[in-house]
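Single-structure report; data block below.
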Amino acid sequence: MTTDTLVAPGHDAANRVRAVRQRHARRGDRGTVRGHAYTLYLVALFAVFYLVPVVHARSTSPALVSVGPLAETVPPACALAVAVCWGAQVTGRFWGPLVVQPFLLHVLMSTDISPTLYLGTIARRRLTYAGTAGLLSVCAAAYLATDLFDDLDTAVQGLVSVLGLSALAAFAWLWGQVRALRDNLVLACAVGGAALVVAGVSRAAPDGAVGLWLLAGVLATTAAALGRAALGSIRSADLARLARDSARASQAQAYAWTGTLHHALDLYRPEPHGFTSALIHPDGRLRGHLSQGAIRALRTPGRASAGVALLLIGGAVLTHGAAGRESEPALWLWVLGSICVYLGSGWVGETWRGLRDELTLAPLFGGWWGGVLARTLVWPVVTVTSGTLLGGGLAVVVRWEHHSGRTGGTVLLVAGSVVLVLGARFLREMKLHLPLELLLPIVTPLGDLSGLRLVAWQFDGFVVVAIGIAVMGALPSAAGATALAIGVAACCVWTGLRRTGWAHRGLLSRLGRV
């Protein structure tokens, strides 16, 4: 059977689409009954050994977080709704529900069938799955961590609100993919304004339940209107852009399944544009290292702006947590701020990728082995340090009475945290393909623990930052914690250079010159 047979003019459009999808589902790599049975077996084991004990422990112990009065619950719920809607829109811009296999999309696009017919079914099915998964996840998290379901009236209001939030997130996911950037900005502003109005009404109302019911009604109404508009926009979707997104998603999925998640994420980096001629002086000489880094950052303005914002926020949170590291909440703030700085250090410039690519190439021109690092690391080091210290300075100014008397130790801890974060970022960016030795099993009485090693390798930067900050918080001396951070960062830099194989080449090059 050929494609021309499947899309013969005598068939109904729906039957033609169904025939193409059935033929694609019967390809050689489709799932077998034994494979599906093994998946159900793993799900059953997870439920018996993990889910059931957790649910039993929650039913016999008090909740970790108390919901409290309903009037105080509505503003955090509004903030959560705004964050979920914005996150769904951003996710849809990169990987939306209409992303399908490139070959299947090419076959369907080659016909005279309207995109609404073959993309609408895929969108409705995936939105149903996403909404259901979001509803179950939020309800499970609320049951395990809060006392929301202890009271029947509160449980009903919370369940209705979560249902509206799940529907809104699913349709915002589709909206972010099928609508232009201007429409997404309009929706983001509208959702933020509606959240402020609902929070204000809840504060003014004498009964807090009015605000929660109002929030549920606004979420349901917005989800219904947004879903109708988003599904109607499928007919005018940019099929060329969808084909590019599907091809990129297929390649990223292949990278992720083969253990190189960092390469999959690199595919979604924004392409630099503009300011190409600004990298050199009018007389033909290259600009300075700091100027080159700033110009390269301006070539990706969105990513650079997000990086600067994360550096400022992370610096403020990091400083506040480091100043009161004796308490457990402050330690969590310290870790959270360091992770924000870690993310911002990668987004603030594009020199990390160029450094990795240049270090893995052969030294064709025989330059000094330290010149590559000096040329590419000046901009990220200066930007991360200044951005973090500026955010920390703002935190100290705003809450001076809480930080006075501990400024010296806090500065040392913040400086050590920045050094640790830069070392972890260097370790992550120098990562190449997955080493085959990590696939070897680790047999223990608790089972095969090789999966933990793979996870640690995939997210090594986060692991270094989290464990390093936790150990720094456990040390009584700020100077000792800073020295530890410097030592860990040095180990990260040396490990990163060994990953590229460049440390040995640079050392041998210098020895040869001597």
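Identifiers in this document derive from the order of the structure tokens: chains are assigned A, B, ..., residues are numbered from 1 separately in each chain, and ligands are numbered from 1 in order of occurrence.
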Close residues, A:Phe275 itself excluded, 8 Å, only C-alpha atoms, min 6 positions apart in chain, as an NGL selection string: :A and (295 or 298-299)
A:Ala470 surroundings by only C-alpha atoms, 9 Å radius, close-in-sequence under 2 positions cut, as number ranges by chain: A: 331-332, 334-335, 465-468, 472-474
Selection to disk with N, CA and C atoms, as a JSON list (two decimals), in the first residue's frame:
[["chain", "number", "residue", "atom", "x", "y", "z"],
["A", 331, "LEU", "N", 18.78, 28.01, 54.82],
["A", 331, "LEU", "CA", 19.63, 27.13, 54.01],
["A", 331, "LEU", "C", 18.96, 26.78, 52.69],
["A", 332, "TRP", "N", 17.65, 26.54, 52.73],
["A", 332, "TRP", "CA", 16.92, 26.27, 51.49],
["A", 332, "TRP", "C", 16.94, 27.49, 50.57],
["A", 334, "TRP", "N", 19.30, 29.69, 50.48],
["A", 334, "TRP", "CA", 20.66, 29.74, 49.98],
["A", 334, "TRP", "C", 20.84, 28.81, 48.78],
["A", 335, "VAL", "N", 20.33, 27.59, 48.89],
["A", 335, "VAL", "CA", 20.42, 26.64, 47.78],
["A", 335, "VAL", "C", 19.61, 27.13, 46.58],
["A", 465, "VAL", "N", 26.14, 22.08, 42.94],
["A", 465, "VAL", "CA", 25.67, 23.29, 43.63],
["A", 465, "VAL", "C", 24.90, 22.92, 44.90],
["A", 466, "ALA", "N", 23.97, 21.97, 44.80],
["A", 466, "ALA", "CA", 23.15, 21.63, 45.96],
["A", 466, "ALA", "C", 23.98, 21.03, 47.09],
["A", 467, "ILE", "N", 24.83, 20.05, 46.76],
["A", 467, "ILE", "CA", 25.64, 19.41, 47.80],
["A", 467, "ILE", "C", 26.69, 20.38, 48.34],
["A", 468, "GLY", "N", 27.30, 21.17, 47.46],
["A", 468, "GLY", "CA", 28.32, 22.12, 47.91],
["A", 468, "GLY", "C", 27.76, 23.16, 48.86],
["A", 472, "MET", "N", 28.65, 23.71, 52.78],
["A", 472, "MET", "CA", 29.09, 25.03, 53.25],
["A", 472, "MET", "C", 28.22, 25.51, 54.41],
["A", 473, "GLY", "N", 26.92, 25.26, 54.35],
["A", 473, "GLY", "CA", 26.05, 25.66, 55.44],
["A", 473, "GLY", "C", 26.30, 24.89, 56.72],
["A", 474, "ALA", "N", 26.84, 23.67, 56.60],
["A", 474, "ALA", "CA", 27.12, 22.88, 57.80],
["A", 474, "ALA", "C", 28.41, 23.27, 58.49]]
Which residue of A:Leu185, A:Ala304, A:Val178, A:Leu484 approaches A:Arg93 most closely, using only C-alpha atoms: A:Val178
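Interatomic distance, atom CA of A:Trp494 to atom CA of A:Leu434: 18.2 Å.
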Which residue of A:Val65, A:Ala322, A:Ala37, A:Ala199 approaches A:Ala395 most closely, using only C-alpha atoms: A:Ala322
Nearest to A:Met109 by atom-to-atom distance, counting only C-alpha atoms, from A:Cys78, A:Cys340, A:Val17, A:Val411: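 Going through A:Cys78, A:Cys340, A:Val17, A:Val411 one by one, the smallest distance to A:Met109 is for A:Val17.
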A:Ala237 environment, 9 Å, only C-alpha atoms, sequence neighbours closer than 3 positions dropped, as a PyMOL selection string: chain A and resi 115+177-179+233-234+240-242
What would the file look like if the residues just selected were written as a PDB file, in the first residue's frame with N, CA and C atoms?
ATOM      1  N   PRO A 115      -5.581  21.410   7.927  1.00  0.00           N
ATOM      2  CA  PRO A 115      -4.829  21.108   9.162  1.00  0.00           C
ATOM      3  C   PRO A 115      -5.722  20.910  10.380  1.00  0.00           C
ATOM      4  N   GLN A 177       1.711  27.813  21.303  1.00  0.00           N
ATOM      5  CA  GLN A 177       2.276  27.274  20.073  1.00  0.00           C
ATOM      6  C   GLN A 177       1.611  27.829  18.823  1.00  0.00           C
ATOM      7  N   VAL A 178       0.301  28.008  18.840  1.00  0.00           N
ATOM      8  CA  VAL A 178      -0.412  28.359  17.609  1.00  0.00           C
ATOM      9  C   VAL A 178      -0.568  29.862  17.417  1.00  0.00           C
ATOM     10  N   ARG A 179      -0.351  30.666  18.458  1.00  0.00           N
ATOM     11  CA  ARG A 179      -0.535  32.105  18.319  1.00  0.00           C
ATOM     12  C   ARG A 179       0.810  32.821  18.298  1.00  0.00           C
ATOM     13  N   SER A 233      -7.654  28.335  16.242  1.00  0.00           N
ATOM     14  CA  SER A 233      -6.464  28.871  15.584  1.00  0.00           C
ATOM     15  C   SER A 233      -5.628  27.802  14.907  1.00  0.00           C
ATOM     16  N   ILE A 234      -6.002  26.528  15.049  1.00  0.00           N
ATOM     17  CA  ILE A 234      -5.209  25.460  14.440  1.00  0.00           C
ATOM     18  C   ILE A 234      -5.250  25.561  12.922  1.00  0.00           C
ATOM     19  N   ALA A 240       5.007  25.406   8.239  1.00  0.00           N
ATOM     20  CA  ALA A 240       6.461  25.360   8.050  1.00  0.00           C
ATOM     21  C   ALA A 240       7.188  25.433   9.391  1.00  0.00           C
ATOM     22  N   ARG A 241       6.739  26.319  10.255  1.00  0.00           N
ATOM     23  CA  ARG A 241       7.340  26.405  11.592  1.00  0.00           C
ATOM     24  C   ARG A 241       7.070  25.141  12.390  1.00  0.00           C
ATOM     25  N   LEU A 242       5.876  24.562  12.241  1.00  0.00           N
ATOM     26  CA  LEU A 242       5.562  23.310  12.931  1.00  0.00           C
ATOM     27  C   LEU A 242       6.455  22.180  12.451  1.00  0.00           C
TER      28      LEU A 242
END
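Contact shell of A:Val84 at 10 Å (only C-alpha atoms; same-chain neighbours under 3 positions omitted): Cys78, Ala79, Leu80, Ala81, Gly87, Ala88, Gln89, Val90, Leu165, Ser166, Leu168, Ala169, Ala170, Ala172 and Trp173 of chain A.
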Pick from A:Arg203, A:Arg269, A:Arg499, A:Arg58 nearest to A:Phe149, counting only C-alpha atoms: A:Arg58
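Comparing the minimum interatomic distances between A:Tyr118 and each of A:Ala485, A:Leu104, A:Leu45, A:Ala479, counting only C-alpha atoms, we find that A:Leu104 sits nearest.
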